[in-house]
file work.txt (compact mmCIF, C-alpha atoms)
# COMPACT_ATOMS: atom_id res chain seq x y z
CA MET A 1 109.12 -127.00 -107.45
CA TRP A 2 109.38 -128.96 -104.22
CA LEU A 3 113.15 -129.36 -104.69
CA LEU A 4 113.65 -125.61 -105.12
CA TYR A 5 111.67 -124.81 -101.99
CA ALA A 6 113.38 -127.58 -100.00
CA VAL A 7 116.82 -126.17 -100.84
CA VAL A 8 115.73 -122.59 -100.10
CA VAL A 9 114.20 -123.53 -96.74
CA GLY A 10 117.19 -125.72 -95.82
CA VAL A 11 119.63 -122.88 -96.50
CA ILE A 12 117.51 -120.41 -94.53
CA ILE A 13 117.31 -122.80 -91.55
CA LEU A 14 121.08 -123.39 -91.49
CA ASP A 15 121.72 -119.67 -91.80
CA ARG A 16 119.23 -118.67 -89.08
CA ILE A 17 120.50 -121.29 -86.62
CA SER A 18 124.13 -120.25 -87.12
CA LYS A 19 123.31 -116.56 -86.66
CA LEU A 20 121.17 -117.19 -83.58
CA VAL A 21 123.99 -119.20 -82.00
CA VAL A 22 126.35 -116.28 -82.62
CA ILE A 23 123.93 -113.65 -81.27
CA MET A 24 123.16 -115.69 -78.15
CA ASN A 25 126.73 -116.67 -77.33
CA MET A 26 129.06 -113.91 -78.49
CA PRO A 27 129.38 -110.25 -77.63
CA LEU A 28 129.60 -107.91 -80.62
CA SER A 29 133.13 -107.70 -82.08
CA HIS A 30 134.28 -110.65 -79.96
CA SER A 31 136.46 -113.21 -81.73
CA ILE A 32 136.87 -116.91 -80.96
CA PRO A 33 139.74 -118.81 -82.60
CA VAL A 34 138.44 -121.98 -84.25
CA ILE A 35 141.59 -123.03 -86.12
CA LYS A 36 144.59 -120.99 -85.01
CA TYR A 37 145.88 -118.63 -87.75
CA ILE A 38 143.22 -119.92 -90.17
CA LEU A 39 139.66 -119.36 -88.93
CA ASN A 40 137.98 -117.32 -86.20
CA PHE A 41 134.35 -116.73 -85.40
CA THR A 42 134.05 -112.94 -85.06
CA TYR A 43 130.64 -111.38 -84.49
CA VAL A 44 130.20 -108.27 -86.63
CA ARG A 45 127.27 -106.35 -88.06
CA ASN A 46 127.30 -105.43 -91.73
CA THR A 47 125.03 -102.63 -92.94
CA GLY A 48 126.31 -102.96 -96.50
CA ALA A 49 126.66 -105.60 -99.17
CA ALA A 50 129.66 -107.85 -99.83
CA PHE A 51 132.88 -106.47 -98.33
CA SER A 52 130.76 -103.73 -96.67
CA MET A 53 130.18 -102.00 -100.00
CA PHE A 54 127.20 -99.64 -99.97
CA SER A 55 127.32 -99.35 -96.18
CA ASN A 56 124.18 -97.94 -94.59
CA SER A 57 122.11 -98.79 -97.68
CA ASN A 58 120.22 -101.50 -95.82
CA ILE A 59 116.71 -100.71 -97.07
CA ILE A 60 117.76 -100.44 -100.72
CA LEU A 61 119.80 -103.66 -100.51
CA GLY A 62 116.88 -105.48 -98.86
CA ILE A 63 114.42 -104.28 -101.49
CA VAL A 64 116.73 -105.20 -104.39
CA ALA A 65 117.44 -108.69 -102.98
CA THR A 66 113.73 -109.27 -102.34
CA ALA A 67 112.85 -108.18 -105.89
CA VAL A 68 115.47 -110.52 -107.37
CA VAL A 69 114.22 -113.49 -105.32
CA ILE A 70 110.60 -112.77 -106.32
CA ALA A 71 111.63 -112.51 -109.98
CA ALA A 72 113.47 -115.84 -109.71
CA ILE A 73 110.46 -117.55 -108.14
CA ILE A 74 108.19 -116.18 -110.89
CA TYR A 75 110.67 -117.44 -113.50
CA PHE A 76 110.63 -120.93 -111.98
CA HIS A 77 106.83 -121.02 -111.88
CA ILE A 78 106.49 -119.85 -115.49
CA LYS A 79 109.35 -121.79 -117.13
CA LYS A 80 109.23 -124.85 -114.88
CA PRO A 81 112.84 -125.86 -115.62
CA SER A 82 113.50 -129.55 -115.17
CA SER A 83 117.24 -129.50 -114.51
CA LYS A 84 117.92 -130.51 -110.92
CA TYR A 85 121.25 -128.64 -111.10
CA LEU A 86 119.62 -125.36 -112.11
CA ILE A 87 117.06 -125.83 -109.35
CA ILE A 88 119.57 -126.72 -106.61
CA TYR A 89 122.09 -124.00 -107.43
CA SER A 90 119.37 -121.38 -107.80
CA GLY A 91 117.84 -122.54 -104.51
CA MET A 92 121.21 -122.08 -102.79
CA ILE A 93 121.45 -118.52 -104.10
CA MET A 94 117.85 -117.64 -103.24
CA GLY A 95 118.07 -119.21 -99.77
CA GLY A 96 121.23 -117.24 -99.02
CA ALA A 97 119.70 -114.02 -100.29
CA ILE A 98 116.58 -114.55 -98.18
CA GLY A 99 118.73 -115.35 -95.12
CA ASN A 100 120.47 -112.00 -95.40
CA VAL A 101 117.22 -110.15 -96.23
CA ILE A 102 115.69 -111.54 -93.02
CA ASP A 103 118.59 -109.97 -91.09
CA ARG A 104 118.20 -106.66 -92.91
CA PHE A 105 114.50 -106.40 -92.10
CA ILE A 106 114.73 -107.69 -88.50
CA TYR A 107 117.98 -106.05 -87.35
CA SER A 108 118.80 -103.41 -90.02
CA TYR A 109 122.14 -105.15 -90.59
CA VAL A 110 123.46 -108.56 -91.56
CA ILE A 111 125.09 -110.79 -88.95
CA ASP A 112 128.52 -111.97 -90.08
CA PHE A 113 130.88 -114.23 -88.15
CA ILE A 114 133.12 -116.36 -90.39
CA ASP A 115 136.51 -114.68 -90.23
CA ILE A 116 139.32 -116.05 -92.42
CA GLN A 117 142.66 -115.34 -90.74
CA PHE A 118 145.30 -116.49 -93.23
CA MET A 119 144.47 -113.70 -95.70
CA GLU A 120 142.86 -110.28 -95.63
CA PHE A 121 139.19 -110.98 -96.25
CA ALA A 122 135.79 -109.70 -95.17
CA VAL A 123 133.88 -111.45 -92.38
CA PHE A 124 130.91 -113.33 -93.85
CA ASN A 125 128.16 -115.82 -92.93
CA ILE A 126 126.54 -119.11 -94.00
CA ALA A 127 124.10 -117.33 -96.34
CA ASP A 128 127.03 -115.68 -98.12
CA CYS A 129 128.70 -119.09 -98.52
CA PHE A 130 125.60 -120.52 -100.20
CA ILE A 131 125.28 -117.49 -102.48
CA VAL A 132 128.91 -117.68 -103.62
CA VAL A 133 129.04 -121.47 -104.01
CA GLY A 134 125.64 -121.48 -105.75
CA CYS A 135 126.80 -118.79 -108.19
CA ILE A 136 130.05 -120.63 -108.95
CA PHE A 137 128.30 -123.96 -109.52
CA LEU A 138 125.52 -122.33 -111.55
CA ALA A 139 128.00 -120.49 -113.79
CA ALA A 140 130.07 -123.65 -114.30
CA TRP A 141 126.96 -125.70 -115.04
CA ILE A 142 125.69 -123.13 -117.57
CA MET A 143 129.08 -123.07 -119.33
CA ILE A 144 129.19 -126.88 -119.48
CA ALA A 145 125.59 -127.13 -120.69
CA ASP A 146 126.17 -124.41 -123.28
CA GLY A 147 129.42 -126.07 -124.38
CA ASN A 148 127.49 -129.29 -124.98
CA ASN A 149 124.87 -127.36 -127.00
CA LYS A 150 122.13 -128.44 -124.63
CA GLU A 151 119.22 -126.31 -123.58
CA VAL A 152 120.08 -125.01 -120.11
CA THR A 153 116.55 -125.17 -118.70
CA SER A 154 115.73 -128.72 -119.74
CA ILE A 155 118.80 -130.97 -119.46
CA ASP A 156 119.31 -133.48 -116.67
CA LYS A 157 115.70 -134.52 -116.26

call {"tool": "encode", "arguments": {"input": "work.txt", "output": "structure tokens"}}
result
Amino acid sequence: MWLLYAVVVGVIILDRISKLVVIMNMPLSHSIPVIKYILNFTYVRNTGAAFSMFSNSNIILGIVATAVVIAAIIYFHIKKPSSKYLIIYSGMIMGGAIGNVIDRFIYSYVIDFIDIQFMEFAVFNIADCFIVVGCIFLAAWIMIADGNNKEVTSIDK
């Protein structure tokens, strides 16, 4: 379980530091070009979920995310999966979810600042990156493990 908690805490720390740097150094809605025409840092507040869906549903989103993280932690304590990949990818997702839940309960919104310029896309944050990458890796890993007819919770000891 130490690996799971190390990944979760590491993600939360990276997320909190990045958001605190933004809050302390950027006015709301201000944009700083990082790589011209590709990436800006733009400080925005998101009261919804991904792509601002369910705007102004902060309490419900916070409760749902908290319940999912608690359920995942209970699962890990009961099943005690041994796969380091399952643990790492799940830790990335849980850490990202907790990072955004912290924002929801402290500020009543999520702090977003990563602004992709070369395509129309929502502004997002480090926690969102870990959630998305963790989900992609977890889904790929499950498909590979299932394709090899191996038990997903016990391979890669």

call {"tool": "residues_around", "arguments": {"input": "work.txt", "residues": "stretch 106-122 of chain A", "least_positions_apart": "2", "cutoff": "7 Å", "atoms": "only C-alpha atoms", "output": "count of residues only"}}
result
20

call {"tool": "atom_distance", "arguments": {"input": "work.txt", "atom1": "atom CA of A:Val11", "atom2": "atom CA of A:Gly96"}}
result
6.4 Å

call {"tool": "atom_distance", "arguments": {"input": "work.txt", "atom1": "atom CA of A:Ala71", "atom2": "atom CA of A:Asn148"}}
result
27.5 Å

call {"tool": "closest_residue", "arguments": {"input": "work.txt", "among": "A:Ile35, A:Ile17, A:Ile70, A:Val8", "to": "A:Gly95", "atoms": "only C-alpha atoms"}}
result
A:Val8

call {"tool": "atom_distance", "arguments": {"input": "work.txt", "atom1": "atom CA of A:Ile12", "atom2": "atom CA of A:Phe130"}}
result
9.9 Å

call {"tool": "residues_around", "arguments": {"input": "work.txt", "residues": "A:Ala65", "least_positions_apart": "5", "cutoff": "9 Å", "atoms": "all atoms listed in the file", "output": "list in words"}}
result
Ile60, Ile70, Met94, Ala97, Ile98, Asn100 and Val101 of chain A

call {"tool": "residues_around", "arguments": {"input": "work.txt", "residues": "A:Val132", "least_positions_apart": "4", "cutoff": "8 Å", "atoms": "only C-alpha atoms", "output": "PDB file with C-alpha atoms, in the frame of the given file"}}
result
ATOM      1  CA  ILE A  93     121.450-118.520-104.100  1.00  0.00           C
ATOM      2  CA  ASP A 128     127.030-115.680 -98.120  1.00  0.00           C
ATOM      3  CA  ILE A 136     130.050-120.630-108.950  1.00  0.00           C
TER       4      ILE A 136
END

call {"tool": "axis_aligned_box", "arguments": {"input": "work.txt", "around": "stretch 121-127 of chain A", "padding_each_side": "8 Å", "output": "lines of an AutoDock Vina configuration file"}}
result
center_x = 131.6
center_y = -114.4
center_z = -94.4
size_x = 31.1
size_y = 25.4
size_z = 20.0

call {"tool": "residues_around", "arguments": {"input": "work.txt", "residues": "stretch 137-142 of chain A", "least_positions_apart": "5", "cutoff": "8 Å", "atoms": "all atoms listed in the file", "output": "JSON list (two decimals) with C-alpha atoms, in the coordinates of the input"}}
result
[["chain", "number", "residue", "atom", "x", "y", "z"],
["A", 85, "TYR", "CA", 121.25, -128.64, -111.10],
["A", 86, "LEU", "CA", 119.62, -125.36, -112.11],
["A", 89, "TYR", "CA", 122.09, -124.00, -107.43],
["A", 90, "SER", "CA", 119.37, -121.38, -107.80],
["A", 152, "VAL", "CA", 120.08, -125.01, -120.11]]

call {"tool": "closest_residue", "arguments": {"input": "work.txt", "among": "A:Gly62, A:Gly99, A:Gly48, A:Gly91", "to": "A:Cys135", "atoms": "only C-alpha atoms"}}
result
A:Gly91

call {"tool": "build_atoms", "arguments": {"input": "work.txt", "residues": "stretch 5-24 of chain A", "atoms": "N, CA and C atoms", "output": "PDB file, in the coordinates of the input"}}
result
ATOM      1  N   TYR A   5     112.083-125.307-103.296  1.00  0.00           N
ATOM      2  CA  TYR A   5     111.670-124.810-101.990  1.00  0.00           C
ATOM      3  C   TYR A   5     112.374-125.545-100.853  1.00  0.00           C
ATOM      4  N   ALA A   6     112.657-126.829-101.029  1.00  0.00           N
ATOM      5  CA  ALA A   6     113.380-127.580-100.000  1.00  0.00           C
ATOM      6  C   ALA A   6     114.794-127.029 -99.815  1.00  0.00           C
ATOM      7  N   VAL A   7     115.475-126.733-100.929  1.00  0.00           N
ATOM      8  CA  VAL A   7     116.820-126.170-100.840  1.00  0.00           C
ATOM      9  C   VAL A   7     116.771-124.788-100.209  1.00  0.00           C
ATOM     10  N   VAL A   8     115.851-123.948-100.652  1.00  0.00           N
ATOM     11  CA  VAL A   8     115.730-122.590-100.100  1.00  0.00           C
ATOM     12  C   VAL A   8     115.488-122.647 -98.594  1.00  0.00           C
ATOM     13  N   VAL A   9     114.531-123.440 -98.168  1.00  0.00           N
ATOM     14  CA  VAL A   9     114.200-123.530 -96.740  1.00  0.00           C
ATOM     15  C   VAL A   9     115.375-124.122 -95.951  1.00  0.00           C
ATOM     16  N   GLY A  10     116.035-125.133 -96.493  1.00  0.00           N
ATOM     17  CA  GLY A  10     117.190-125.720 -95.820  1.00  0.00           C
ATOM     18  C   GLY A  10     118.302-124.712 -95.597  1.00  0.00           C
ATOM     19  N   VAL A  11     118.596-123.920 -96.620  1.00  0.00           N
ATOM     20  CA  VAL A  11     119.630-122.880 -96.500  1.00  0.00           C
ATOM     21  C   VAL A  11     119.226-121.851 -95.456  1.00  0.00           C
ATOM     22  N   ILE A  12     117.981-121.409 -95.499  1.00  0.00           N
ATOM     23  CA  ILE A  12     117.510-120.410 -94.530  1.00  0.00           C
ATOM     24  C   ILE A  12     117.626-120.963 -93.105  1.00  0.00           C
ATOM     25  N   ILE A  13     117.240-122.198 -92.891  1.00  0.00           N
ATOM     26  CA  ILE A  13     117.310-122.800 -91.550  1.00  0.00           C
ATOM     27  C   ILE A  13     118.752-122.851 -91.055  1.00  0.00           C
ATOM     28  N   LEU A  14     119.665-123.346 -91.889  1.00  0.00           N
ATOM     29  CA  LEU A  14     121.080-123.390 -91.490  1.00  0.00           C
ATOM     30  C   LEU A  14     121.614-121.996 -91.164  1.00  0.00           C
ATOM     31  N   ASP A  15     121.263-121.038 -92.005  1.00  0.00           N
ATOM     32  CA  ASP A  15     121.720-119.670 -91.800  1.00  0.00           C
ATOM     33  C   ASP A  15     121.161-119.078 -90.505  1.00  0.00           C
ATOM     34  N   ARG A  16     119.859-119.240 -90.281  1.00  0.00           N
ATOM     35  CA  ARG A  16     119.230-118.670 -89.080  1.00  0.00           C
ATOM     36  C   ARG A  16     119.814-119.303 -87.815  1.00  0.00           C
ATOM     37  N   ILE A  17     119.955-120.615 -87.811  1.00  0.00           N
ATOM     38  CA  ILE A  17     120.500-121.290 -86.620  1.00  0.00           C
ATOM     39  C   ILE A  17     121.900-120.780 -86.325  1.00  0.00           C
ATOM     40  N   SER A  18     122.747-120.699 -87.353  1.00  0.00           N
ATOM     41  CA  SER A  18     124.130-120.250 -87.120  1.00  0.00           C
ATOM     42  C   SER A  18     124.158-118.822 -86.583  1.00  0.00           C
ATOM     43  N   LYS A  19     123.332-117.963 -87.118  1.00  0.00           N
ATOM     44  CA  LYS A  19     123.310-116.560 -86.660  1.00  0.00           C
ATOM     45  C   LYS A  19     122.744-116.443 -85.253  1.00  0.00           C
ATOM     46  N   LEU A  20     121.727-117.230 -84.937  1.00  0.00           N
ATOM     47  CA  LEU A  20     121.170-117.190 -83.580  1.00  0.00           C
ATOM     48  C   LEU A  20     122.180-117.691 -82.557  1.00  0.00           C
ATOM     49  N   VAL A  21     122.952-118.715 -82.907  1.00  0.00           N
ATOM     50  CA  VAL A  21     123.990-119.200 -82.000  1.00  0.00           C
ATOM     51  C   VAL A  21     125.010-118.096 -81.736  1.00  0.00           C
ATOM     52  N   VAL A  22     125.385-117.378 -82.771  1.00  0.00           N
ATOM     53  CA  VAL A  22     126.350-116.280 -82.620  1.00  0.00           C
ATOM     54  C   VAL A  22     125.774-115.178 -81.735  1.00  0.00           C
ATOM     55  N   ILE A  23     124.564-114.735 -82.033  1.00  0.00           N
ATOM     56  CA  ILE A  23     123.930-113.650 -81.270  1.00  0.00           C
ATOM     57  C   ILE A  23     123.804-114.017 -79.786  1.00  0.00           C
ATOM     58  N   MET A  24     123.419-115.262 -79.518  1.00  0.00           N
ATOM     59  CA  MET A  24     123.160-115.690 -78.150  1.00  0.00           C
ATOM     60  C   MET A  24     124.424-115.998 -77.350  1.00  0.00           C
TER      61      MET A  24
END
